[in-house]
Amino acid sequence: MIWVELMMIWVIVPALTLTVVMCFLRLLRGPSLPDRIVAVDMLSAVAVGMMAAYAVATDEVIFLDVALVVALITFLGTIGFAYYIDRRQ
Amino acid sequence: MQVFLSFFFLIFGAVFIFVGGIGMLRMPDIFLRMSATTKAATLGVGSMLLGTAVFFGELGVSSRAFAIFVFILATAPVAAHMIGRAAYSDGVPLWKGTVMDELRGKYDDERRRLSSGVYQVEGSSEADWVDVD
């Protein structure tokens, strides 16, 4: 499967890694706290995509379970942060 | 054939996530940024999961990928709505090119009530519309 490695190395890993870098830039720069929470939310979506790509690259199905757990937990984290901002005043 | 179809979906999803990241970095306002991350990232992750399901081609993997996608599809709008509501009531400034802000002055932050902005009809008493519990 030389095609899998080529596609991973030249397309998917660079795109997702640059997205992670952009997420961290927004996390550092974001003028307000909700901006940073949006960046963390996006980071979790990128993590789920990376796990799907890694499951294809290594031919291991077990990474999809990890992706499911990550999606569940980050949703709860985002809701918690939003609730905290809402009730902070 | 199956492998190339899976490649197509994976590349499409990765590129869409990348576009969503650019939108998150370059948009001028938190609400516009949230629009980019919610829509583009959801479609990108869904496409990548579809590519994974096509690549393996088994029922167990497909149902797992479908479960993740349905969960993301159900929770991403809820999370975005919660963050947007919190940001608005926290007083995050809107972009200076914003044309319309329909919520301005209609949301009572102390009592957590939303009034519809209807005006008092001539002849009706004030108690008819002020407090709608």
# chains A, B, ... in the order shown; residues from 1 in each chain; ligands from 1
>>> residues_around(residues="Leu72 (chain A)", least_positions_apart="3", cutoff="10 Å", atoms="only C-alpha atoms", output="CSV table (one decimal) with C-alpha atoms, in the first residue's frame")
chain,number,residue,atom,x,y,z
A,66,VAL,CA,-10.7,6.6,20.9
A,67,ALA,CA,-12.2,9.1,18.5
A,68,LEU,CA,-15.7,8.5,19.8
A,69,VAL,CA,-14.5,9.0,23.4
A,75,PHE,CA,-18.5,18.2,23.9
A,76,LEU,CA,-18.9,18.1,27.7
A,77,GLY,CA,-15.9,20.4,28.1
B,68,ILE,CA,-19.2,9.3,15.7
B,71,PHE,CA,-22.7,12.4,17.5
B,72,ILE,CA,-20.7,15.2,16.0
B,75,THR,CA,-23.4,18.2,19.3
>>> atom_distance(atom1="CA of Leu49 (chain B)", atom2="CA of Ile30 (chain B)")
27.5 Å
>>> select_by_dssp(residues="region 7-45 of chain A", states="alpha helix (DSSP H)", output="JSON, numbers by chain")
{"A": [7, 13, 14, 15, 16, 17, 18, 19, 20, 21, 22, 23, 24, 25, 26, 27, 28, 29, 33, 34, 35, 36, 37, 38, 39, 40, 41, 42, 43, 44, 45]}
>>> write_last_selection(atoms="N, CA and C atoms", output="short mmCIF file (atom, residue, chain, number, x, y, z; two decimals), in the first residue's frame")
data_model
loop_
_atom_site.label_atom_id
_atom_site.label_comp_id
_atom_site.auth_asym_id
_atom_site.auth_seq_id
_atom_site.Cartn_x
_atom_site.Cartn_y
_atom_site.Cartn_z
N MET A 7 -0.24 9.41 0.31
CA MET A 7 -1.33 10.33 0.58
C MET A 7 -1.23 10.91 1.99
N VAL A 13 -1.59 14.64 6.53
CA VAL A 13 -0.84 15.08 7.71
C VAL A 13 -0.45 16.56 7.64
N PRO A 14 0.02 17.09 6.48
CA PRO A 14 0.29 18.54 6.45
C PRO A 14 -0.95 19.38 6.68
N ALA A 15 -2.08 19.01 6.06
CA ALA A 15 -3.29 19.82 6.23
C ALA A 15 -3.72 19.85 7.70
N LEU A 16 -3.76 18.67 8.32
CA LEU A 16 -4.23 18.63 9.71
C LEU A 16 -3.23 19.29 10.65
N THR A 17 -1.93 19.14 10.37
CA THR A 17 -0.94 19.75 11.25
C THR A 17 -0.97 21.27 11.15
N LEU A 18 -1.13 21.79 9.93
CA LEU A 18 -1.24 23.24 9.80
C LEU A 18 -2.50 23.75 10.49
N THR A 19 -3.56 22.94 10.46
CA THR A 19 -4.77 23.36 11.16
C THR A 19 -4.54 23.41 12.67
N VAL A 20 -3.78 22.45 13.19
CA VAL A 20 -3.46 22.46 14.62
C VAL A 20 -2.65 23.71 14.96
N VAL A 21 -1.70 24.07 14.07
CA VAL A 21 -0.89 25.27 14.31
C VAL A 21 -1.78 26.51 14.33
N MET A 22 -2.74 26.56 13.39
CA MET A 22 -3.64 27.72 13.35
C MET A 22 -4.51 27.78 14.59
N CYS A 23 -4.94 26.61 15.07
CA CYS A 23 -5.73 26.57 16.30
C CYS A 23 -4.94 27.14 17.46
N PHE A 24 -3.64 26.77 17.54
CA PHE A 24 -2.84 27.28 18.65
C PHE A 24 -2.58 28.76 18.52
N LEU A 25 -2.45 29.26 17.27
CA LEU A 25 -2.28 30.70 17.09
C LEU A 25 -3.50 31.44 17.59
N ARG A 26 -4.69 30.92 17.28
CA ARG A 26 -5.92 31.56 17.75
C ARG A 26 -6.03 31.44 19.26
N LEU A 27 -5.55 30.31 19.77
CA LEU A 27 -5.59 30.10 21.23
C LEU A 27 -4.70 31.11 21.95
N LEU A 28 -3.56 31.45 21.33
CA LEU A 28 -2.68 32.44 21.95
C LEU A 28 -3.20 33.85 21.74
N ARG A 29 -3.74 34.14 20.58
CA ARG A 29 -4.06 35.50 20.20
C ARG A 29 -5.42 35.96 20.65
N LEU A 33 -12.11 35.28 26.00
CA LEU A 33 -12.13 33.88 26.42
C LEU A 33 -12.97 32.98 25.49
N PRO A 34 -14.13 33.42 25.00
CA PRO A 34 -14.88 32.57 24.06
C PRO A 34 -14.11 32.25 22.78
N ASP A 35 -13.24 33.17 22.32
CA ASP A 35 -12.41 32.86 21.15
C ASP A 35 -11.52 31.65 21.43
N ARG A 36 -10.96 31.62 22.61
CA ARG A 36 -10.06 30.51 22.95
C ARG A 36 -10.84 29.21 23.06
N ILE A 37 -12.08 29.30 23.54
CA ILE A 37 -12.88 28.07 23.64
C ILE A 37 -13.24 27.54 22.25
N VAL A 38 -13.51 28.47 21.32
CA VAL A 38 -13.76 28.05 19.94
C VAL A 38 -12.54 27.34 19.36
N ALA A 39 -11.34 27.87 19.70
CA ALA A 39 -10.11 27.25 19.20
C ALA A 39 -9.95 25.84 19.77
N VAL A 40 -10.27 25.65 21.05
CA VAL A 40 -10.14 24.32 21.65
C VAL A 40 -11.14 23.34 21.04
N ASP A 41 -12.35 23.85 20.76
CA ASP A 41 -13.37 23.02 20.13
C ASP A 41 -12.91 22.53 18.75
N MET A 42 -12.33 23.47 18.00
CA MET A 42 -11.80 23.12 16.67
C MET A 42 -10.66 22.11 16.80
N LEU A 43 -9.84 22.27 17.84
CA LEU A 43 -8.72 21.35 18.07
C LEU A 43 -9.23 19.93 18.29
N SER A 44 -10.34 19.81 18.99
CA SER A 44 -10.90 18.47 19.21
C SER A 44 -11.41 17.87 17.92
N ALA A 45 -12.02 18.70 17.06
CA ALA A 45 -12.47 18.18 15.75
C ALA A 45 -11.29 17.69 14.92
#
>>> residues_around(residues="region 4-11 of chain B", least_positions_apart="5", cutoff="10 Å", atoms="only C-alpha atoms", output="PDB file with C-alpha atoms, in the first residue's frame")
ATOM      1  CA  TRP A   3      -0.516   4.928  -2.006  1.00  0.00           C
ATOM      2  CA  VAL A   4      -1.648   5.146   1.581  1.00  0.00           C
ATOM      3  CA  MET A   7      -1.330  10.335   0.583  1.00  0.00           C
ATOM      4  CA  MET A   8      -0.749  10.497   4.320  1.00  0.00           C
ATOM      5  CA  VAL A  11      -1.782  15.683   1.873  1.00  0.00           C
ATOM      6  CA  ILE A  12      -3.531  14.693   5.068  1.00  0.00           C
ATOM      7  CA  ALA A  15      -3.287  19.823   6.231  1.00  0.00           C
ATOM      8  CA  GLY A  49     -10.005  13.617  12.037  1.00  0.00           C
ATOM      9  CA  ALA A  52      -9.619   8.532  11.599  1.00  0.00           C
ATOM     10  CA  ALA A  53      -6.602   9.072   9.355  1.00  0.00           C
ATOM     11  CA  VAL A  56      -6.511   4.075   7.983  1.00  0.00           C
TER      12      VAL A  56
ATOM     13  CA  PHE B  16     -12.130  21.042   4.406  1.00  0.00           C
ATOM     14  CA  ILE B  17     -10.738  20.972   7.948  1.00  0.00           C
ATOM     15  CA  GLY B  44     -14.540  17.698   7.066  1.00  0.00           C
ATOM     16  CA  VAL B  45     -14.643  15.276   9.983  1.00  0.00           C
ATOM     17  CA  GLY B  46     -17.730  13.588   8.532  1.00  0.00           C
ATOM     18  CA  SER B  47     -16.011  13.153   5.185  1.00  0.00           C
ATOM     19  CA  MET B  48     -12.898  11.711   6.833  1.00  0.00           C
ATOM     20  CA  LEU B  49     -15.000   9.245   8.819  1.00  0.00           C
ATOM     21  CA  LEU B  50     -16.825   8.256   5.637  1.00  0.00           C
ATOM     22  CA  GLY B  51     -13.444   7.659   4.011  1.00  0.00           C
ATOM     23  CA  THR B  52     -12.435   5.450   6.930  1.00  0.00           C
ATOM     24  CA  ALA B  53     -15.657   3.456   6.659  1.00  0.00           C
ATOM     25  CA  VAL B  54     -15.148   2.970   2.916  1.00  0.00           C
ATOM     26  CA  PHE B  55     -11.512   1.947   3.428  1.00  0.00           C
ATOM     27  CA  PHE B  56     -12.277  -0.855   5.862  1.00  0.00           C
ATOM     28  CA  GLY B  57     -15.587  -1.897   4.349  1.00  0.00           C
TER      29      GLY B  57
END
>>> select_by_dssp(residues="chain B", states="strand (DSSP E)", output="list in words")
Tyr107, Asp108, Arg113 and Leu114 of chain B
